[in-house]
file run.cif (mmCIF, C-alpha atoms)
data_work
loop_
_atom_site.group_PDB
_atom_site.id
_atom_site.type_symbol
_atom_site.label_atom_id
_atom_site.label_comp_id
_atom_site.auth_asym_id
_atom_site.auth_seq_id
_atom_site.Cartn_x
_atom_site.Cartn_y
_atom_site.Cartn_z
ATOM 1 C CA MET A 5 -32.939 -102.309 -10.722
ATOM 2 C CA ASP A 6 -35.597 -99.647 -10.949
ATOM 3 C CA ASP A 7 -32.989 -96.852 -10.939
ATOM 4 C CA TYR A 8 -30.988 -98.385 -13.777
ATOM 5 C CA LEU A 9 -31.276 -97.433 -17.431
ATOM 6 C CA SER A 10 -30.930 -99.695 -20.412
ATOM 7 C CA VAL A 11 -28.342 -98.870 -23.033
ATOM 8 C CA GLY A 12 -31.074 -97.896 -25.489
ATOM 9 C CA ARG A 13 -32.846 -95.600 -23.037
ATOM 10 C CA LEU A 14 -29.606 -93.929 -21.952
ATOM 11 C CA ALA A 15 -28.571 -93.369 -25.549
ATOM 12 C CA GLU A 16 -31.946 -91.779 -26.244
ATOM 13 C CA LEU A 17 -31.760 -89.469 -23.229
ATOM 14 C CA ALA A 18 -28.156 -88.452 -23.938
ATOM 15 C CA GLY A 19 -28.701 -87.847 -27.642
ATOM 16 C CA ILE A 20 -26.003 -90.307 -28.719
ATOM 17 C CA THR A 21 -26.009 -93.710 -30.370
ATOM 18 C CA VAL A 22 -26.013 -97.100 -28.715
ATOM 19 C CA ARG A 23 -22.845 -97.789 -30.661
ATOM 20 C CA THR A 24 -21.147 -94.848 -28.906
ATOM 21 C CA LEU A 25 -22.105 -96.248 -25.504
ATOM 22 C CA HIS A 26 -20.755 -99.652 -26.503
ATOM 23 C CA HIS A 27 -17.483 -97.995 -27.518
ATOM 24 C CA TYR A 28 -17.247 -96.088 -24.245
ATOM 25 C CA ASP A 29 -17.764 -99.367 -22.409
ATOM 26 C CA GLU A 30 -15.094 -101.146 -24.442
ATOM 27 C CA ILE A 31 -12.443 -98.481 -23.769
ATOM 28 C CA GLY A 32 -13.387 -98.183 -20.093
ATOM 29 C CA LEU A 33 -14.639 -94.602 -20.327
ATOM 30 C CA VAL A 34 -18.228 -95.226 -19.189
ATOM 31 C CA ARG A 35 -18.954 -98.762 -18.072
ATOM 32 C CA PRO A 36 -22.354 -99.945 -16.850
ATOM 33 C CA SER A 37 -22.429 -100.949 -13.219
ATOM 34 C CA ALA A 38 -24.604 -103.980 -13.816
ATOM 35 C CA ARG A 39 -26.083 -106.387 -16.302
ATOM 36 C CA THR A 40 -29.651 -107.539 -16.573
ATOM 37 C CA PRO A 41 -30.453 -111.270 -16.106
ATOM 38 C CA ALA A 42 -30.482 -111.437 -19.886
ATOM 39 C CA GLY A 43 -26.959 -109.991 -20.038
ATOM 40 C CA TYR A 44 -27.803 -106.479 -21.246
ATOM 41 C CA ARG A 45 -25.986 -103.414 -19.989
ATOM 42 C CA ALA A 46 -27.665 -101.528 -17.110
ATOM 43 C CA TYR A 47 -26.516 -98.060 -16.124
ATOM 44 C CA ALA A 48 -26.769 -96.784 -12.536
ATOM 45 C CA PRO A 49 -27.254 -93.080 -11.660
ATOM 46 C CA GLY A 50 -23.504 -92.769 -11.073
ATOM 47 C CA ASP A 51 -22.841 -94.109 -14.570
ATOM 48 C CA VAL A 52 -25.249 -91.552 -16.009
ATOM 49 C CA GLU A 53 -23.456 -88.747 -14.158
ATOM 50 C CA ARG A 54 -20.105 -89.935 -15.492
ATOM 51 C CA LEU A 55 -21.517 -90.023 -19.010
ATOM 52 C CA ARG A 56 -22.799 -86.485 -18.597
ATOM 53 C CA GLN A 57 -19.328 -85.323 -17.599
ATOM 54 C CA VAL A 58 -17.759 -87.167 -20.523
ATOM 55 C CA LEU A 59 -20.168 -85.635 -23.031
ATOM 56 C CA MET A 60 -19.651 -82.146 -21.673
ATOM 57 C CA TYR A 61 -15.868 -82.405 -21.959
ATOM 58 C CA ARG A 62 -16.221 -83.843 -25.445
ATOM 59 C CA ARG A 63 -18.386 -80.900 -26.476
ATOM 60 C CA LEU A 64 -15.733 -78.590 -25.093
ATOM 61 C CA GLY A 65 -13.284 -80.100 -27.553
ATOM 62 C CA PHE A 66 -11.326 -82.572 -25.427
ATOM 63 C CA GLY A 67 -10.147 -85.845 -26.958
ATOM 64 C CA LEU A 68 -11.175 -89.193 -25.519
ATOM 65 C CA ARG A 69 -7.809 -89.757 -23.837
ATOM 66 C CA GLU A 70 -7.948 -86.333 -22.185
ATOM 67 C CA VAL A 71 -11.539 -86.913 -21.096
ATOM 68 C CA ALA A 72 -10.613 -90.252 -19.561
ATOM 69 C CA GLU A 73 -7.906 -88.579 -17.484
ATOM 70 C CA LEU A 74 -10.220 -85.783 -16.383
ATOM 71 C CA VAL A 75 -13.119 -87.948 -15.224
ATOM 72 C CA ALA A 76 -10.832 -90.518 -13.604
ATOM 73 C CA ASP A 77 -9.241 -87.975 -11.261
ATOM 74 C CA PRO A 78 -10.282 -89.121 -7.749
ATOM 75 C CA ALA A 79 -9.646 -85.668 -6.316
ATOM 76 C CA VAL A 80 -12.337 -84.080 -8.485
ATOM 77 C CA ASP A 81 -15.978 -84.586 -7.554
ATOM 78 C CA ALA A 82 -19.095 -83.730 -9.565
ATOM 79 C CA VAL A 83 -19.245 -80.168 -8.237
ATOM 80 C CA ALA A 84 -15.615 -79.553 -9.122
ATOM 81 C CA HIS A 85 -16.263 -80.856 -12.634
ATOM 82 C CA LEU A 86 -19.193 -78.486 -12.981
ATOM 83 C CA ARG A 87 -17.120 -75.541 -11.834
ATOM 84 C CA ARG A 88 -14.308 -76.443 -14.194
ATOM 85 C CA GLN A 89 -16.730 -76.837 -17.093
ATOM 86 C CA ARG A 90 -18.413 -73.559 -16.252
ATOM 87 C CA GLY A 91 -15.064 -71.810 -16.331
ATOM 88 C CA LEU A 92 -14.223 -73.372 -19.665
ATOM 89 C CA LEU A 93 -17.585 -72.367 -21.098
ATOM 90 C CA LEU A 94 -17.193 -68.770 -19.892
ATOM 91 C CA SER A 95 -13.760 -68.631 -21.488
ATOM 92 C CA ARG A 96 -15.208 -70.049 -24.691
ATOM 93 C CA ARG A 97 -18.018 -67.498 -24.543
ATOM 94 C CA ASP A 98 -15.525 -64.644 -24.201
ATOM 95 C CA GLN A 99 -13.621 -65.944 -27.205
ATOM 96 C CA VAL A 100 -16.807 -66.255 -29.244
ATOM 97 C CA ASP A 101 -17.946 -62.766 -28.204
ATOM 98 C CA ALA A 102 -14.594 -61.363 -29.307
ATOM 99 C CA MET A 103 -14.869 -63.143 -32.652
ATOM 100 C CA VAL A 104 -18.411 -61.869 -33.177
ATOM 101 C CA ALA A 105 -17.288 -58.328 -32.337
ATOM 102 C CA ALA A 106 -14.463 -58.607 -34.862
ATOM 103 C CA ILE A 107 -16.867 -59.832 -37.536
ATOM 104 C CA ASP A 108 -19.299 -57.017 -36.729
ATOM 105 C CA LYS A 109 -16.491 -54.512 -37.184
ATOM 106 C CA GLU A 110 -15.616 -56.015 -40.547
ATOM 107 C CA LEU A 111 -19.271 -56.008 -41.676
ATOM 108 C CA GLU A 112 -19.647 -52.383 -40.606
ATOM 109 C CA ALA A 113 -16.495 -51.413 -42.425
ATOM 110 C CA ARG A 114 -17.609 -53.231 -45.568
ATOM 111 C CA ALA A 115 -21.028 -51.577 -45.357
ATOM 112 C CA MET A 116 -19.235 -48.243 -45.363
ATOM 113 C CA GLY A 117 -16.979 -49.274 -48.229
ATOM 114 C CA ILE A 118 -13.886 -48.747 -46.116
ATOM 115 C CA ASN A 119 -10.749 -49.806 -47.922
ATOM 116 C CA LEU A 120 -8.423 -50.412 -44.966
ATOM 117 C CA THR A 121 -6.601 -53.406 -43.566
ATOM 118 C CA PRO A 122 -7.813 -54.693 -40.160
ATOM 119 C CA ALA A 123 -4.680 -53.223 -38.545
ATOM 120 C CA GLU A 124 -5.354 -49.837 -40.128
ATOM 121 C CA GLN A 125 -9.003 -49.951 -39.038
ATOM 122 C CA LEU A 126 -7.891 -50.635 -35.477
ATOM 123 C CA GLU A 127 -5.331 -47.850 -35.608
ATOM 124 C CA VAL A 128 -7.764 -45.279 -36.981
ATOM 125 C CA PHE A 129 -11.009 -46.172 -35.255
ATOM 126 C CA GLY A 130 -9.845 -47.901 -32.078
ATOM 127 C CA THR A 131 -11.643 -50.817 -30.470
ATOM 128 C CA ASP A 132 -15.145 -49.357 -30.172
ATOM 129 C CA LYS A 133 -16.144 -48.821 -33.747
ATOM 130 C CA ALA A 134 -14.925 -48.944 -37.303
ATOM 131 C CA GLY A 135 -16.361 -47.091 -40.206
ATOM 132 C CA GLY A 136 -18.779 -44.684 -38.622
ATOM 133 C CA GLU A 137 -21.267 -45.319 -35.862
ATOM 134 C CA TRP A 138 -24.279 -44.785 -38.081
ATOM 135 C CA ALA A 139 -23.429 -47.403 -40.727
ATOM 136 C CA ASP A 140 -26.016 -50.078 -39.905
ATOM 137 C CA GLU A 141 -28.806 -47.590 -39.281
ATOM 138 C CA ALA A 142 -27.986 -45.677 -42.437
ATOM 139 C CA GLU A 143 -28.217 -48.872 -44.448
ATOM 140 C CA GLN A 144 -31.525 -49.843 -42.847
ATOM 141 C CA ARG A 145 -33.103 -46.434 -43.338
ATOM 142 C CA TRP A 146 -31.568 -45.268 -46.589
ATOM 143 C CA GLY A 147 -29.946 -48.348 -48.166
ATOM 144 C CA GLY A 148 -31.957 -47.930 -51.366
ATOM 145 C CA THR A 149 -31.388 -44.208 -51.731
ATOM 146 C CA ASP A 150 -28.979 -42.233 -53.855
ATOM 147 C CA ALA A 151 -27.518 -40.703 -50.696
ATOM 148 C CA TYR A 152 -26.527 -44.078 -49.303
ATOM 149 C CA ARG A 153 -25.037 -45.246 -52.590
ATOM 150 C CA GLU A 154 -23.089 -41.990 -52.767
ATOM 151 C CA SER A 155 -21.689 -42.526 -49.260
ATOM 152 C CA GLN A 156 -20.444 -45.967 -50.224
ATOM 153 C CA ARG A 157 -18.909 -44.661 -53.434
ATOM 154 C CA ARG A 158 -17.025 -41.922 -51.597
ATOM 155 C CA ALA A 159 -15.927 -44.118 -48.688
ATOM 156 C CA ALA A 160 -14.506 -46.723 -51.054
ATOM 157 C CA GLY A 161 -12.079 -44.122 -52.353
ATOM 158 C CA TYR A 162 -10.689 -43.058 -48.973
ATOM 159 C CA GLY A 163 -7.335 -44.277 -47.751
ATOM 160 C CA LYS A 164 -5.901 -44.329 -44.252
ATOM 161 C CA ASP A 165 -4.858 -40.666 -44.244
ATOM 162 C CA ASP A 166 -8.342 -39.649 -45.369
ATOM 163 C CA TRP A 167 -9.983 -41.600 -42.546
ATOM 164 C CA VAL A 168 -7.570 -40.154 -39.999
ATOM 165 C CA ARG A 169 -8.535 -36.650 -41.095
ATOM 166 C CA ILE A 170 -12.272 -37.438 -41.223
ATOM 167 C CA LYS A 171 -12.258 -38.989 -37.774
ATOM 168 C CA ALA A 172 -10.209 -36.146 -36.301
ATOM 169 C CA GLU A 173 -12.730 -33.611 -37.588
ATOM 170 C CA ALA A 174 -15.647 -35.644 -36.221
ATOM 171 C CA ASP A 175 -13.976 -36.030 -32.826
ATOM 172 C CA GLU A 176 -13.207 -32.305 -32.695
ATOM 173 C CA ASN A 177 -16.872 -31.524 -33.310
ATOM 174 C CA VAL A 178 -17.994 -33.876 -30.541
ATOM 175 C CA LEU A 179 -15.553 -32.316 -28.093
ATOM 176 C CA ALA A 180 -16.780 -28.852 -29.052
ATOM 177 C CA PHE A 181 -20.369 -29.949 -28.331
ATOM 178 C CA ALA A 182 -19.229 -31.285 -24.952
ATOM 179 C CA ALA A 183 -17.473 -28.012 -24.126
ATOM 180 C CA ALA A 184 -20.586 -26.035 -25.038
ATOM 181 C CA LEU A 185 -22.725 -28.257 -22.816
ATOM 182 C CA ARG A 186 -20.324 -27.878 -19.888
ATOM 183 C CA ALA A 187 -20.294 -24.098 -20.385
ATOM 184 C CA GLY A 188 -24.074 -24.028 -20.034
ATOM 185 C CA LYS A 189 -24.725 -22.806 -23.564
ATOM 186 C CA PRO A 190 -28.297 -23.620 -24.611
ATOM 187 C CA ALA A 191 -28.826 -26.266 -27.281
ATOM 188 C CA GLY A 192 -30.982 -23.821 -29.222
ATOM 189 C CA GLY A 193 -28.447 -21.006 -29.023
ATOM 190 C CA PRO A 194 -26.144 -19.849 -31.813
ATOM 191 C CA ASP A 195 -23.028 -21.643 -30.569
ATOM 192 C CA ALA A 196 -24.677 -25.067 -30.355
ATOM 193 C CA THR A 197 -26.627 -24.688 -33.599
ATOM 194 C CA ASP A 198 -23.466 -23.608 -35.409
ATOM 195 C CA LEU A 199 -21.849 -26.834 -34.190
ATOM 196 C CA ALA A 200 -24.879 -28.767 -35.429
ATOM 197 C CA GLU A 201 -24.488 -27.145 -38.829
ATOM 198 C CA ARG A 202 -20.800 -28.053 -38.836
ATOM 199 C CA HIS A 203 -21.811 -31.642 -38.026
ATOM 200 C CA ARG A 204 -24.245 -31.688 -40.953
ATOM 201 C CA GLN A 205 -21.713 -30.206 -43.342
ATOM 202 C CA HIS A 206 -19.105 -32.745 -42.223
ATOM 203 C CA ILE A 207 -21.423 -35.576 -43.278
ATOM 204 C CA SER A 208 -22.238 -33.810 -46.549
ATOM 205 C CA ARG A 209 -18.581 -33.169 -47.319
ATOM 206 C CA TYR A 210 -17.346 -36.708 -46.769
ATOM 207 C CA PHE A 211 -20.293 -39.072 -47.176
ATOM 208 C CA TYR A 212 -23.494 -37.800 -48.803
ATOM 209 C CA ASP A 213 -25.656 -34.720 -49.131
ATOM 210 C CA CYS A 214 -27.174 -34.608 -45.640
ATOM 211 C CA GLY A 215 -30.265 -32.440 -45.834
ATOM 212 C CA TYR A 216 -32.032 -31.144 -42.775
ATOM 213 C CA ALA A 217 -34.681 -33.866 -42.792
ATOM 214 C CA MET A 218 -32.026 -36.566 -42.845
ATOM 215 C CA HIS A 219 -30.068 -34.717 -40.175
ATOM 216 C CA ARG A 220 -33.156 -34.744 -37.960
ATOM 217 C CA GLY A 221 -33.385 -38.498 -38.490
ATOM 218 C CA LEU A 222 -29.792 -38.962 -37.351
ATOM 219 C CA ALA A 223 -30.476 -36.800 -34.309
ATOM 220 C CA ASP A 224 -33.420 -38.981 -33.321
ATOM 221 C CA MET A 225 -31.162 -42.052 -33.372
ATOM 222 C CA TYR A 226 -28.770 -40.389 -30.952
ATOM 223 C CA VAL A 227 -31.443 -40.483 -28.232
ATOM 224 C CA THR A 228 -33.457 -43.559 -29.194
ATOM 225 C CA ASP A 229 -30.621 -46.015 -29.832
ATOM 226 C CA PRO A 230 -28.710 -46.895 -26.632
ATOM 227 C CA ARG A 231 -25.477 -47.391 -28.587
ATOM 228 C CA PHE A 232 -25.507 -43.834 -29.893
ATOM 229 C CA THR A 233 -26.544 -42.448 -26.528
ATOM 230 C CA ALA A 234 -23.698 -44.313 -24.828
ATOM 231 C CA ASN A 235 -21.164 -43.019 -27.356
ATOM 232 C CA TYR A 236 -22.074 -39.400 -26.731
ATOM 233 C CA ASP A 237 -22.822 -39.632 -23.024
ATOM 234 C CA GLY A 238 -19.514 -41.413 -22.532
ATOM 235 C CA VAL A 239 -17.838 -38.152 -23.541
ATOM 236 C CA GLU A 240 -20.099 -35.960 -21.395
ATOM 237 C CA PRO A 241 -23.266 -36.966 -19.499
ATOM 238 C CA GLY A 242 -26.341 -35.697 -21.315
ATOM 239 C CA LEU A 243 -24.432 -34.997 -24.529
ATOM 240 C CA ALA A 244 -26.634 -37.196 -26.753
ATOM 241 C CA ARG A 245 -29.744 -35.199 -25.855
ATOM 242 C CA TYR A 246 -27.841 -31.933 -26.211
ATOM 243 C CA VAL A 247 -26.605 -32.807 -29.719
ATOM 244 C CA HIS A 248 -30.093 -34.006 -30.662
ATOM 245 C CA ASP A 249 -31.696 -30.747 -29.511
ATOM 246 C CA ALA A 250 -29.029 -28.638 -31.207
ATOM 247 C CA ILE A 251 -29.515 -30.439 -34.524
ATOM 248 C CA LEU A 252 -33.286 -29.964 -34.394
ATOM 249 C CA ALA A 253 -32.932 -26.310 -33.418
ATOM 250 C CA ASN A 254 -30.465 -25.764 -36.239
ATOM 251 C CA ALA A 255 -32.769 -27.399 -38.764
ATOM 252 C CA ASP A 256 -35.699 -25.289 -37.589
ATOM 253 C CA ARG A 257 -33.547 -22.178 -37.681
ATOM 254 C CA ARG A 258 -32.169 -22.673 -41.173
ATOM 255 C CA GLU A 259 -34.961 -24.632 -42.832
ATOM 256 C CA PRO A 260 -38.165 -24.683 -40.758
ATOM 257 C CA ALA A 261 -40.065 -27.973 -40.889
ATOM 258 C CA GLY A 262 -43.312 -28.055 -42.775
#

call {"tool": "encode", "arguments": {"input": "run.cif", "output": "structure tokens"}}
result
Amino acid sequence: MDDYLSVGRLAELAGITVRTLHHYDEIGLVRPSARTPAGYRAYAPGDVERLRQVLMYRRLGFGLREVAELVADPAVDAVAHLRRQRGLLLSRRDQVDAMVAAIDKELEARAMGINLTPAEQLEVFGTDKAGGEWADEAEQRWGGTDAYRESQRRAAGYGKDDWVRIKAEADENVLAFAAALRAGKPAGGPDATDLAERHRQHISRYFYDCGYAMHRGLADMYVTDPRFTANYDGVEPGLARYVHDAILANADRREPAG
């Protein structure tokens, strides 16, 4: 019986109690294939495999009666069980990912002080973002500053109509940048830098006084953070770099660094 495991050893390996194994034996869920000369339970490799299947289904949320039906199905072998469990886990992962995304949206909205219902947030901001793409980074960089506190104070006072207008203006500016890029207008030229100035004034008007140094910092995030880059480049390839360069050129033009 070299390949057999004692009830104590199996319980240890499986991370469950001996009492649980006794219960599984009593209800016929996982019964040992043999007994030692002294009368103790002895589990064969097939018993261990059945226990593994039982524990996996239990961790997936199935009740004991459901588990018993699943593992007793003669048409389902070990590979089929693994495939079924993998599918269940992937489905569970998708559900968890969706829940995490929803929580992230809520945290971002709260960080911005947005006073909207979840339905209103979805209606205004869509499924990709809620509350402004720069919220987390703004908090990390400037959470202790007057500018950040001012942005929260202002955002807390905006209603749905305000956010619709703010987002429409922001989207219009992004589309104008994209049109300038497609037209071949240089990022350092007057058209692009005027758009950069409009972008800065939009932030100053609705959130906080965005000086040129802070605007440069936002521009850097557009090309160093993949999320920002994807947002802009999803509108027009290369747009993140174009907006970045236009913002820096505008800052140098209107308030030279140094």

call {"tool": "residues_around", "arguments": {"input": "run.cif", "residues": "A:Leu55", "least_positions_apart": "2", "cutoff": "10 Å", "atoms": "all atoms listed in the file", "output": "number ranges by chain"}}
result
A: 14, 18, 25, 28, 33-35, 47, 49-53, 57-61, 75

call {"tool": "write_last_selection", "arguments": {"input": "run.cif", "atoms": "C-alpha atoms", "output": "mmCIF file, in the coordinates of the input"}}
result
data_model
loop_
_atom_site.group_PDB
_atom_site.id
_atom_site.type_symbol
_atom_site.label_atom_id
_atom_site.label_comp_id
_atom_site.auth_asym_id
_atom_site.auth_seq_id
_atom_site.Cartn_x
_atom_site.Cartn_y
_atom_site.Cartn_z
ATOM 1 C CA LEU A 14 -29.606 -93.929 -21.952
ATOM 2 C CA ALA A 18 -28.156 -88.452 -23.938
ATOM 3 C CA LEU A 25 -22.105 -96.248 -25.504
ATOM 4 C CA TYR A 28 -17.247 -96.088 -24.245
ATOM 5 C CA LEU A 33 -14.639 -94.602 -20.327
ATOM 6 C CA VAL A 34 -18.228 -95.226 -19.189
ATOM 7 C CA ARG A 35 -18.954 -98.762 -18.072
ATOM 8 C CA TYR A 47 -26.516 -98.060 -16.124
ATOM 9 C CA PRO A 49 -27.254 -93.080 -11.660
ATOM 10 C CA GLY A 50 -23.504 -92.769 -11.073
ATOM 11 C CA ASP A 51 -22.841 -94.109 -14.570
ATOM 12 C CA VAL A 52 -25.249 -91.552 -16.009
ATOM 13 C CA GLU A 53 -23.456 -88.747 -14.158
ATOM 14 C CA GLN A 57 -19.328 -85.323 -17.599
ATOM 15 C CA VAL A 58 -17.759 -87.167 -20.523
ATOM 16 C CA LEU A 59 -20.168 -85.635 -23.031
ATOM 17 C CA MET A 60 -19.651 -82.146 -21.673
ATOM 18 C CA TYR A 61 -15.868 -82.405 -21.959
ATOM 19 C CA VAL A 75 -13.119 -87.948 -15.224
#

call {"tool": "atom_distance", "arguments": {"input": "run.cif", "atom1": "atom CA of A:Arg56", "atom2": "atom CA of A:Val11"}}
result
14.3 Å

call {"tool": "resolve_selection", "arguments": {"input": "run.cif", "expression": "the PyMOL selection byres ((chain A and resi 64) around 9)", "output": "PyMOL selection string"}}
result
chain A and resi 59-63+65-66+89+92-93+96

call {"tool": "resolve_selection", "arguments": {"input": "run.cif", "expression": "the PyMOL selection byres ((chain A and resi 39) around 12)", "output": "JSON, numbers by chain"}}
result
{"A": [5, 8, 9, 10, 11, 35, 36, 37, 38, 40, 41, 42, 43, 44, 45, 46, 47, 48]}

call {"tool": "write_last_selection", "arguments": {"input": "run.cif", "atoms": "C-alpha atoms", "output": "mmCIF file, keeping the file's coordinate frame"}}
result
data_model
loop_
_atom_site.group_PDB
_atom_site.id
_atom_site.type_symbol
_atom_site.label_atom_id
_atom_site.label_comp_id
_atom_site.auth_asym_id
_atom_site.auth_seq_id
_atom_site.Cartn_x
_atom_site.Cartn_y
_atom_site.Cartn_z
ATOM 1 C CA MET A 5 -32.939 -102.309 -10.722
ATOM 2 C CA TYR A 8 -30.988 -98.385 -13.777
ATOM 3 C CA LEU A 9 -31.276 -97.433 -17.431
ATOM 4 C CA SER A 10 -30.930 -99.695 -20.412
ATOM 5 C CA VAL A 11 -28.342 -98.870 -23.033
ATOM 6 C CA ARG A 35 -18.954 -98.762 -18.072
ATOM 7 C CA PRO A 36 -22.354 -99.945 -16.850
ATOM 8 C CA SER A 37 -22.429 -100.949 -13.219
ATOM 9 C CA ALA A 38 -24.604 -103.980 -13.816
ATOM 10 C CA THR A 40 -29.651 -107.539 -16.573
ATOM 11 C CA PRO A 41 -30.453 -111.270 -16.106
ATOM 12 C CA ALA A 42 -30.482 -111.437 -19.886
ATOM 13 C CA GLY A 43 -26.959 -109.991 -20.038
ATOM 14 C CA TYR A 44 -27.803 -106.479 -21.246
ATOM 15 C CA ARG A 45 -25.986 -103.414 -19.989
ATOM 16 C CA ALA A 46 -27.665 -101.528 -17.110
ATOM 17 C CA TYR A 47 -26.516 -98.060 -16.124
ATOM 18 C CA ALA A 48 -26.769 -96.784 -12.536
#

call {"tool": "resolve_selection", "arguments": {"input": "run.cif", "expression": "the PyMOL selection byres ((chain A and resi 172-188) around 12)", "output": "MDAnalysis selection string"}}
result
chainID A and resid 128:129 136:137 165:171 189:207 209:210 235:251

call {"tool": "atom_distance", "arguments": {"input": "run.cif", "atom1": "atom CA of A:Tyr152", "atom2": "atom CA of A:Tyr216"}}
result
15.5 Å

call {"tool": "atom_distance", "arguments": {"input": "run.cif", "atom1": "atom CA of A:Arg258", "atom2": "atom CA of A:Ser155"}}
result
23.9 Å

call {"tool": "closest_residue", "arguments": {"input": "run.cif", "among": "A:Asp224, A:Glu73, A:Asp229, A:Asp6", "to": "A:Leu252", "atoms": "only C-alpha atoms"}}
result
A:Asp224

call {"tool": "closest_residue", "arguments": {"input": "run.cif", "among": "A:Arg23, A:Ala79, A:Gly32, A:Arg158", "to": "A:Ser208", "atoms": "only C-alpha atoms"}}
result
A:Arg158
